[in-house]
>>> print(open('entry-v2.json').read())   # JSON, C-alpha atoms
[["chain", "number", "residue", "atom", "x", "y", "z"],
["A", 1, "MET", "CA", -20.67, -1.27, 29.51],
["A", 2, "PRO", "CA", -18.11, -0.17, 26.91],
["A", 3, "TYR", "CA", -16.54, -3.00, 24.97],
["A", 4, "TYR", "CA", -13.01, -2.06, 25.97],
["A", 5, "LEU", "CA", -13.87, -2.84, 29.62],
["A", 6, "LEU", "CA", -14.88, -6.37, 28.71],
["A", 7, "ALA", "CA", -11.59, -7.17, 26.97],
["A", 8, "LYS", "CA", -8.61, -7.76, 29.25],
["A", 9, "ASP", "CA", -6.16, -6.75, 26.51],
["A", 10, "ALA", "CA", -6.04, -5.86, 22.86],
["A", 11, "SER", "CA", -5.28, -9.44, 21.89],
["A", 12, "ALA", "CA", -8.68, -10.49, 23.17],
["A", 13, "ILE", "CA", -10.39, -8.58, 20.39],
["A", 14, "GLY", "CA", -10.96, -10.68, 17.29],
["A", 15, "TRP", "CA", -9.36, -8.45, 14.67],
["A", 16, "PRO", "CA", -9.71, -9.80, 11.11],
["A", 17, "ASN", "CA", -6.42, -11.08, 9.66],
["A", 18, "LEU", "CA", -5.43, -11.16, 6.01],
["A", 19, "PRO", "CA", -3.60, -14.32, 4.95],
["A", 20, "GLU", "CA", 0.19, -13.91, 5.03],
["A", 21, "ILE", "CA", 3.01, -15.92, 3.51],
["A", 22, "ASN", "CA", 5.12, -17.95, 5.86],
["A", 23, "PHE", "CA", 8.70, -17.58, 4.69],
["A", 24, "GLY", "CA", 9.61, -20.90, 6.16],
["A", 25, "HIS", "CA", 9.03, -24.23, 4.53],
["A", 26, "ASN", "CA", 5.58, -23.17, 3.23],
["A", 27, "PHE", "CA", 6.76, -20.29, 1.06],
["A", 28, "HIS", "CA", 7.36, -22.32, -2.07],
["A", 29, "ASP", "CA", 3.97, -23.96, -1.62],
["A", 30, "GLU", "CA", 2.36, -20.52, -1.51],
["A", 31, "ILE", "CA", 4.25, -19.11, -4.51],
["A", 32, "ALA", "CA", 3.24, -22.18, -6.55],
["A", 33, "CYS", "CA", -0.05, -20.45, -7.34],
["A", 34, "TYR", "CA", 1.81, -17.64, -9.16],
["A", 35, "SER", "CA", 2.01, -18.34, -12.90],
["A", 36, "LEU", "CA", 3.43, -15.03, -14.17],
["A", 37, "PRO", "CA", 7.02, -14.09, -15.10],
["A", 38, "TYR", "CA", 9.52, -12.83, -12.53],
["A", 39, "GLY", "CA", 13.28, -13.00, -12.08],
["A", 40, "ALA", "CA", 15.42, -12.67, -15.23],
["A", 41, "LEU", "CA", 12.56, -13.82, -17.48],
["A", 42, "GLY", "CA", 10.24, -11.26, -15.89],
["A", 43, "PHE", "CA", 12.89, -8.58, -16.35],
["A", 44, "ALA", "CA", 13.22, -9.49, -20.04],
["A", 45, "SER", "CA", 9.44, -9.49, -20.46],
["A", 46, "HIS", "CA", 9.07, -6.03, -18.92],
["A", 47, "PHE", "CA", 12.01, -4.63, -20.90],
["A", 48, "LEU", "CA", 10.45, -5.83, -24.17],
["A", 49, "THR", "CA", 7.06, -4.45, -23.11],
["A", 50, "TYR", "CA", 8.54, -1.01, -22.38],
["A", 51, "TYR", "CA", 10.41, -1.07, -25.69],
["A", 52, "THR", "CA", 7.24, -2.05, -27.56],
["A", 53, "LEU", "CA", 5.18, 0.70, -25.94],
["A", 54, "ALA", "CA", 7.86, 3.33, -26.63],
["A", 55, "CYS", "CA", 7.90, 2.39, -30.32],
["A", 56, "LEU", "CA", 4.10, 2.33, -30.58],
["A", 57, "TRP", "CA", 3.71, 5.71, -28.90],
["A", 58, "ARG", "CA", 6.16, 7.15, -31.45],
["A", 59, "GLY", "CA", 4.26, 5.55, -34.30],
["A", 60, "ARG", "CA", 7.03, 3.06, -35.12],
["A", 61, "SER", "CA", 7.04, -0.69, -35.67],
["A", 62, "PRO", "CA", 8.74, -2.44, -32.71],
["A", 63, "LEU", "CA", 10.47, -4.98, -34.98],
["A", 64, "PHE", "CA", 11.45, -2.35, -37.56],
["A", 65, "PRO", "CA", 11.72, 0.94, -35.64],
["A", 66, "TRP", "CA", 12.75, 2.85, -38.79],
["A", 67, "ARG", "CA", 9.36, 2.03, -40.30],
["A", 68, "ARG", "CA", 6.22, 3.98, -39.54],
["A", 69, "LEU", "CA", 3.15, 2.11, -38.36],
["A", 70, "GLU", "CA", 0.37, 1.26, -40.76],
["A", 71, "CYS", "CA", -1.65, -0.97, -38.42],
["A", 72, "GLY", "CA", -3.91, -2.99, -40.68],
["A", 73, "ARG", "CA", -6.36, -5.66, -39.67],
["A", 74, "PHE", "CA", -3.51, -8.01, -38.82],
["A", 75, "SER", "CA", -2.17, -5.61, -36.16],
["A", 76, "LEU", "CA", -5.66, -5.14, -34.74],
["A", 77, "ALA", "CA", -6.05, -8.91, -34.47],
["A", 78, "LEU", "CA", -2.63, -9.20, -32.80],
["A", 79, "GLY", "CA", -3.57, -6.59, -30.21],
["A", 80, "ALA", "CA", -6.89, -8.25, -29.46],
["A", 81, "THR", "CA", -5.26, -11.69, -29.17],
["A", 82, "ALA", "CA", -2.48, -10.42, -26.90],
["A", 83, "LEU", "CA", -5.02, -8.63, -24.73],
["A", 84, "THR", "CA", -7.27, -11.69, -24.43],
["A", 85, "PHE", "CA", -4.63, -14.28, -23.55],
["A", 86, "SER", "CA", -2.37, -12.17, -21.31],
["A", 87, "THR", "CA", -5.25, -10.78, -19.26],
["A", 88, "GLY", "CA", -6.86, -14.21, -19.13],
["A", 89, "VAL", "CA", -3.75, -15.81, -17.60],
["A", 90, "ALA", "CA", -3.35, -12.89, -15.17],
["A", 91, "ILE", "CA", -6.96, -13.20, -14.00],
["A", 92, "PHE", "CA", -6.60, -16.97, -13.61],
["A", 93, "THR", "CA", -3.49, -16.39, -11.51],
["A", 94, "MET", "CA", -5.40, -13.93, -9.35],
["A", 95, "ILE", "CA", -8.04, -16.58, -8.72],
["A", 96, "LYS", "CA", -5.42, -19.21, -7.83],
["A", 97, "CYS", "CA", -3.66, -16.81, -5.44],
["A", 98, "LYS", "CA", -6.82, -15.48, -3.79],
["A", 99, "ASN", "CA", -5.77, -16.85, -0.40],
["A", 100, "THR", "CA", -2.50, -14.89, -0.35],
["A", 101, "TRP", "CA", -3.26, -11.20, -0.77],
["A", 102, "GLN", "CA", 0.32, -10.19, -1.61],
["A", 103, "LEU", "CA", 0.50, -12.46, -4.64],
["A", 104, "LEU", "CA", -3.06, -11.54, -5.57],
["A", 105, "VAL", "CA", -2.27, -7.82, -5.84],
["A", 106, "ILE", "CA", 1.02, -8.50, -7.63],
["A", 107, "ALA", "CA", -1.02, -10.44, -10.19],
["A", 108, "VAL", "CA", -3.34, -7.40, -10.43],
["A", 109, "TRP", "CA", -0.20, -5.35, -11.18],
["A", 110, "LYS", "CA", 0.67, -7.68, -14.07],
["A", 111, "LEU", "CA", -2.93, -7.57, -15.25],
["A", 112, "SER", "CA", -2.76, -3.78, -15.48],
["A", 113, "MET", "CA", 0.45, -4.03, -17.54],
["A", 114, "SER", "CA", -1.24, -6.52, -19.88],
["A", 115, "LEU", "CA", -4.20, -4.18, -20.30],
["A", 116, "LEU", "CA", -1.88, -1.28, -21.11],
["A", 117, "ASN", "CA", 0.07, -3.37, -23.63],
["A", 118, "GLY", "CA", -2.93, -4.82, -25.45],
["A", 119, "ILE", "CA", -5.25, -1.80, -25.41],
["A", 120, "THR", "CA", -2.44, 0.42, -26.74],
["A", 121, "VAL", "CA", -2.19, -1.69, -29.92],
["A", 122, "VAL", "CA", -5.97, -1.88, -30.35],
["A", 123, "HIS", "CA", -6.25, 1.89, -29.87],
["A", 124, "ILE", "CA", -3.49, 2.69, -32.37],
["A", 125, "ALA", "CA", -4.90, 0.23, -34.92],
["A", 126, "TRP", "CA", -8.29, 1.93, -34.59],
["A", 127, "ILE", "CA", -6.70, 5.36, -35.07],
["A", 128, "MET", "CA", -4.79, 4.27, -38.17],
["A", 129, "ARG", "CA", -7.90, 2.69, -39.69],
["A", 130, "ASN", "CA", -10.02, 5.76, -38.91],
["A", 131, "PRO", "CA", -7.85, 8.77, -39.85],
["A", 132, "ILE", "CA", -10.91, 10.98, -39.91],
["A", 133, "SER", "CA", -10.80, 10.97, -36.10],
["A", 134, "ASN", "CA", -7.74, 13.31, -36.21],
["A", 135, "ALA", "CA", -6.29, 11.47, -33.21],
["A", 136, "SER", "CA", -2.57, 10.84, -32.89],
["A", 137, "HIS", "CA", -0.90, 7.54, -32.01],
["A", 138, "LYS", "CA", 0.58, 9.42, -29.03],
["A", 139, "SER", "CA", -2.91, 9.66, -27.56],
["A", 140, "SER", "CA", -2.70, 5.92, -26.80],
["A", 141, "ALA", "CA", -0.30, 6.77, -23.96],
["A", 142, "PHE", "CA", -3.45, 7.82, -22.11],
["A", 143, "TRP", "CA", -3.94, 4.17, -21.16],
["A", 144, "VAL", "CA", -1.04, 4.41, -18.70],
["A", 145, "ILE", "CA", -3.82, 5.43, -16.34],
["A", 146, "LEU", "CA", -4.79, 1.75, -16.23],
["A", 147, "TYR", "CA", -1.32, 0.76, -15.07],
["A", 148, "ILE", "CA", -0.82, 3.20, -12.17],
["A", 149, "PRO", "CA", -3.46, 1.80, -9.74],
["A", 150, "GLY", "CA", -2.30, -1.77, -10.39],
["A", 151, "MET", "CA", 1.32, -0.80, -9.84],
["A", 152, "ILE", "CA", 0.51, 0.86, -6.51],
["A", 153, "ALA", "CA", -1.46, -2.18, -5.33],
["A", 154, "GLY", "CA", 1.27, -4.56, -6.50],
["A", 155, "MET", "CA", 4.02, -2.58, -4.80],
["A", 156, "ALA", "CA", 2.05, -2.72, -1.55],
["A", 157, "GLY", "CA", 1.97, -6.51, -1.77],
["A", 158, "LEU", "CA", 5.61, -6.72, -2.80],
["A", 159, "MET", "CA", 6.75, -4.55, 0.10],
["A", 160, "SER", "CA", 4.76, -6.72, 2.48],
["A", 161, "LEU", "CA", 6.64, -9.77, 1.21],
["A", 162, "ILE", "CA", 9.96, -7.95, 1.50],
["A", 163, "THR", "CA", 9.14, -6.93, 5.08],
["A", 164, "GLN", "CA", 8.43, -10.54, 5.98],
["A", 165, "ASN", "CA", 11.64, -11.56, 4.22],
["A", 166, "ARG", "CA", 13.80, -8.84, 5.79],
["A", 167, "HIS", "CA", 16.28, -11.40, 7.11],
["A", 168, "ASP", "CA", 17.52, -11.89, 3.52],
["A", 169, "SER", "CA", 20.39, -9.41, 3.11],
["A", 170, "GLY", "CA", 20.30, -9.64, -0.67],
["A", 171, "VAL", "CA", 16.64, -8.64, -0.85],
["A", 172, "MET", "CA", 17.17, -5.80, 1.61],
["A", 173, "ASN", "CA", 20.20, -4.49, -0.30],
["A", 174, "LEU", "CA", 18.17, -4.55, -3.51],
["A", 175, "THR", "CA", 15.34, -2.65, -1.81],
["A", 176, "ILE", "CA", 17.68, -0.02, -0.36],
["A", 177, "GLY", "CA", 19.35, 0.40, -3.73],
["A", 178, "PHE", "CA", 16.01, 0.85, -5.51],
["A", 179, "TYR", "CA", 14.72, 3.55, -3.18],
["A", 180, "THR", "CA", 18.13, 5.25, -3.08],
["A", 181, "VAL", "CA", 18.15, 5.58, -6.86],
["A", 182, "ILE", "CA", 14.61, 7.00, -6.85],
["A", 183, "GLY", "CA", 15.29, 9.47, -4.03],
["A", 184, "PHE", "CA", 18.81, 10.47, -5.06],
["A", 185, "GLY", "CA", 17.75, 10.98, -8.66],
["A", 186, "ALA", "CA", 14.96, 13.33, -7.62],
["A", 187, "ILE", "CA", 17.31, 15.33, -5.37],
["A", 188, "ILE", "CA", 19.94, 15.70, -8.11],
["A", 189, "PHE", "CA", 17.31, 16.67, -10.66],
["A", 190, "GLY", "CA", 15.75, 19.28, -8.41],
["A", 191, "ALA", "CA", 19.09, 20.68, -7.28],
["A", 192, "GLY", "CA", 20.32, 21.00, -10.85],
["A", 193, "LEU", "CA", 17.24, 22.95, -11.90],
["A", 194, "LEU", "CA", 17.45, 25.23, -8.87],
["A", 195, "GLN", "CA", 21.14, 25.94, -9.53],
["A", 196, "LYS", "CA", 20.43, 26.84, -13.12],
["A", 197, "PHE", "CA", 17.58, 29.04, -12.02],
["A", 198, "ALA", "CA", 19.70, 30.82, -9.40],
["A", 199, "GLN", "CA", 22.46, 31.69, -11.88],
["A", 200, "ASP", "CA", 20.52, 34.71, -13.09],
["A", 201, "LYS", "CA", 20.22, 36.46, -9.72],
["A", 202, "SER", "CA", 18.92, 39.64, -11.28],
["A", 203, "LYS", "CA", 15.72, 37.86, -12.19],
["A", 204, "LEU", "CA", 15.47, 35.80, -9.03],
["A", 205, "ASP", "CA", 12.72, 37.90, -7.51],
["A", 206, "GLU", "CA", 10.75, 37.98, -10.76],
["A", 207, "LYS", "CA", 10.77, 34.21, -11.09],
["A", 208, "GLU", "CA", 10.45, 33.30, -7.46],
["A", 209, "GLY", "CA", 7.16, 31.60, -8.18],
["A", 210, "ASN", "CA", 8.91, 29.20, -10.53],
["A", 211, "VAL", "CA", 10.67, 27.52, -7.61],
["A", 212, "LEU", "CA", 7.46, 25.57, -7.13],
["A", 213, "LEU", "CA", 7.70, 24.39, -10.72],
["A", 214, "TRP", "CA", 11.23, 23.08, -10.12],
["A", 215, "GLY", "CA", 9.96, 21.14, -7.12],
["A", 216, "LEU", "CA", 7.14, 19.71, -9.17],
["A", 217, "GLY", "CA", 9.67, 18.81, -11.84],
["A", 218, "GLY", "CA", 11.70, 16.84, -9.31],
["A", 219, "PHE", "CA", 8.56, 15.09, -8.11],
["A", 220, "ALA", "CA", 7.61, 14.23, -11.70],
["A", 221, "PHE", "CA", 11.09, 12.82, -12.33],
["A", 222, "SER", "CA", 10.99, 10.68, -9.20],
["A", 223, "SER", "CA", 7.46, 9.45, -9.96],
["A", 224, "THR", "CA", 8.37, 8.54, -13.53],
["A", 225, "ALA", "CA", 11.51, 6.70, -12.43],
["A", 226, "PHE", "CA", 9.51, 4.83, -9.79],
["A", 227, "THR", "CA", 6.83, 3.85, -12.31],
["A", 228, "VAL", "CA", 9.36, 2.53, -14.82],
["A", 229, "LEU", "CA", 11.81, 0.83, -12.44],
["A", 230, "ALA", "CA", 9.26, -0.69, -10.05],
["A", 231, "ALA", "CA", 8.52, -3.58, -12.42],
["A", 232, "PHE", "CA", 12.21, -4.45, -12.72],
["A", 233, "PHE", "CA", 12.63, -4.19, -8.95],
["A", 234, "GLY", "CA", 9.68, -6.52, -8.42],
["A", 235, "ASP", "CA", 11.06, -9.09, -10.86],
["A", 236, "TRP", "CA", 14.43, -9.37, -9.13],
["A", 237, "ALA", "CA", 12.95, -9.19, -5.62],
["A", 238, "LEU", "CA", 10.61, -12.12, -6.28],
["A", 239, "GLY", "CA", 13.43, -14.04, -7.93],
["A", 240, "MET", "CA", 15.65, -13.57, -4.89],
["A", 241, "MET", "CA", 12.92, -14.45, -2.41],
["A", 242, "THR", "CA", 12.10, -17.66, -4.27],
["A", 243, "HIS", "CA", 15.79, -18.50, -4.89],
["A", 244, "ASN", "CA", 14.90, -18.65, -8.58],
["A", 245, "LEU", "CA", 16.73, -15.73, -10.19],
["A", 246, "VAL", "CA", 16.13, -17.03, -13.70],
["A", 247, "GLY", "CA", 12.40, -17.26, -13.00],
["A", 248, "LEU", "CA", 11.88, -20.65, -14.62],
["A", 249, "PRO", "CA", 8.33, -21.87, -14.00],
["A", 250, "SER", "CA", 7.51, -25.15, -12.32],
["A", 251, "GLY", "CA", 5.99, -27.94, -14.39],
["A", 252, "ASP", "CA", 2.46, -27.16, -13.22],
["A", 253, "ASN", "CA", 2.73, -23.49, -14.25],
["A", 254, "SER", "CA", 4.72, -23.84, -17.46],
["A", 255, "ILE", "CA", 1.78, -23.70, -19.87],
["A", 256, "LEU", "CA", 0.24, -20.62, -18.24],
["A", 257, "PHE", "CA", 3.63, -18.96, -17.85],
["A", 258, "TRP", "CA", 4.67, -19.31, -21.49],
["A", 259, "THR", "CA", 1.17, -18.50, -22.75],
["A", 260, "TYR", "CA", 1.38, -15.18, -20.91],
["A", 261, "PHE", "CA", 4.97, -14.52, -22.01],
["A", 262, "VAL", "CA", 4.30, -15.23, -25.70],
["A", 263, "ALA", "CA", 0.95, -13.38, -25.72],
["A", 264, "LYS", "CA", 2.65, -10.18, -24.52],
["A", 265, "ARG", "CA", 5.27, -10.51, -27.28],
["A", 266, "LEU", "CA", 2.62, -10.57, -30.01],
["A", 267, "THR", "CA", 2.34, -6.79, -29.91],
["A", 268, "MET", "CA", 5.96, -6.54, -31.08],
["A", 269, "PHE", "CA", 4.78, -7.72, -34.51],
["A", 270, "THR", "CA", 2.57, -4.65, -34.96],
["A", 271, "TRP", "CA", 3.43, -2.97, -38.26]]
>>> encode(input="entry-v2.json", output="structure tokens")
Amino acid sequence: MPYYLLAKDASAIGWPNLPEINFGHNFHDEIACYSLPYGALGFASHFLTYYTLACLWRGRSPLFPWRRLECGRFSLALGATALTFSTGVAIFTMIKCKNTWQLLVIAVWKLSMSLLNGITVVHIAWIMRNPISNASHKSSAFWVILYIPGMIAGMAGLMSLITQNRHDSGVMNLTIGFYTVIGFGAIIFGAGLLQKFAQDKSKLDEKEGNVLLWGLGGFAFSSTAFTVLAAFFGDWALGMMTHNLVGLPSGDNSILFWTYFVAKRLTMFTW
């Protein structure tokens, strides 16, 4: 006899359930496992990370942007140290949060950012010490590929938390604002390109195939904006949900928190 005839209703079937966060009195107990920056401190950490990566990809020292990188052994050691400690704390946080999948995947997101930050410095230091390879410091931007999967996984977990916390008007307004900026920016970008393209009507038929390129350009703009702004959005969303906008760690997490924060700043001393 088919199984569906044996079950009186769908609730009788034992579907597996992933652990969820209860946004009642247990929420702060659940979030206690999370030892990574969020809130204003997380925002500052991500801003400095983006600034550092932008300088490194342009071959400039983050502390002295007018100076070109030389990347000696000291810079290589800094990159390796930053990579070791930041990824180590992120992995430890993943283990602590293994019973709450949302926080687990958000920790994976931070792990991917740590990998991008540390490997970029190690890669550039290797290039500068081996000029015979003919590789450019810009080639280190390739490691963004490590960040994208982690970001997607982390955003899935973050949106699950936001859905459970949808009664908080502040969090919902932040979420609406974030997606409005991403969507509206893509629309404006695409419309502007199409208008410029349509100005020369005499060549409209010749370049009709380029309309697809404008659409792809809008998609690229939206995707880039999402990739960059998602980390900031996540920082403030977690800060609002925990009622800790500054993002100060609890006593139990302070050592891990500041170890991670300082380790990621080491790459700013690359020169």
>>> atom_distance(input="entry-v2.json", atom1="atom CA of A:Ile91", atom2="atom CA of A:Gly39")
20.3 Å
>>> axis_aligned_box(input="entry-v2.json", around="stretch 243-251 of chain A", padding_each_side="6 Å", output="lines of an AutoDock Vina configuration file")
center_x = 11.4
center_y = -21.8
center_z = -9.8
size_x = 22.7
size_y = 24.2
size_z = 21.7
>>> atom_distance(input="entry-v2.json", atom1="atom CA of A:Gly150", atom2="atom CA of A:Asn117")
13.5 Å
>>> closest_residue(input="entry-v2.json", among="A:Leu69, A:Ala40, A:Val108, A:Met151", to="A:Ile127", atoms="all atoms listed in the file")
A:Leu69
>>> residues_around(input="entry-v2.json", residues="stretch 168-179 of chain A", least_positions_apart="2", cutoff="10 Å", atoms="all atoms listed in the file", output="list in words")
Met159, Ile162, Thr163, Gln164, Asn165, Arg166, Val181, Ile182, Gly183, Phe184, Gly185, Phe226, Leu229, Ala230, Phe232, Phe233, Gly234, Trp236, Ala237, Leu238, Gly239, Met240 and Met241 of chain A
>>> atom_distance(input="entry-v2.json", atom1="atom CA of A:Ser140", atom2="atom CA of A:Leu56")
8.6 Å
>>> closest_residue(input="entry-v2.json", among="A:Gly218, A:Pro37, A:Pro249, A:Gly72", to="A:Asn130", atoms="all atoms listed in the file")
A:Gly72
>>> closest_residue(input="entry-v2.json", among="A:Ile95, A:Met113, A:Pro62, A:Ala153", to="A:Ser45", atoms="all atoms listed in the file")
A:Met113
>>> residues_around(input="entry-v2.json", residues="A:Asp235", least_positions_apart="5", cutoff="7 Å", atoms="only C-alpha atoms", output="list in words")
Tyr38, Gly39, Gly42 and Phe43 of chain A
>>> closest_residue(input="entry-v2.json", among="A:Arg60, A:Gly118, A:Tyr34, A:Thr180", to="A:Phe85", atoms="all atoms listed in the file")
A:Gly118
>>> closest_residue(input="entry-v2.json", among="A:Trp126, A:Phe142, A:Phe219, A:Phe92", to="A:Tyr260", atoms="only C-alpha atoms")
A:Phe92
>>> closest_residue(input="entry-v2.json", among="A:Val121, A:Leu41, A:Cys33, A:Leu115", to="A:Thr267", atoms="all atoms listed in the file")
A:Val121
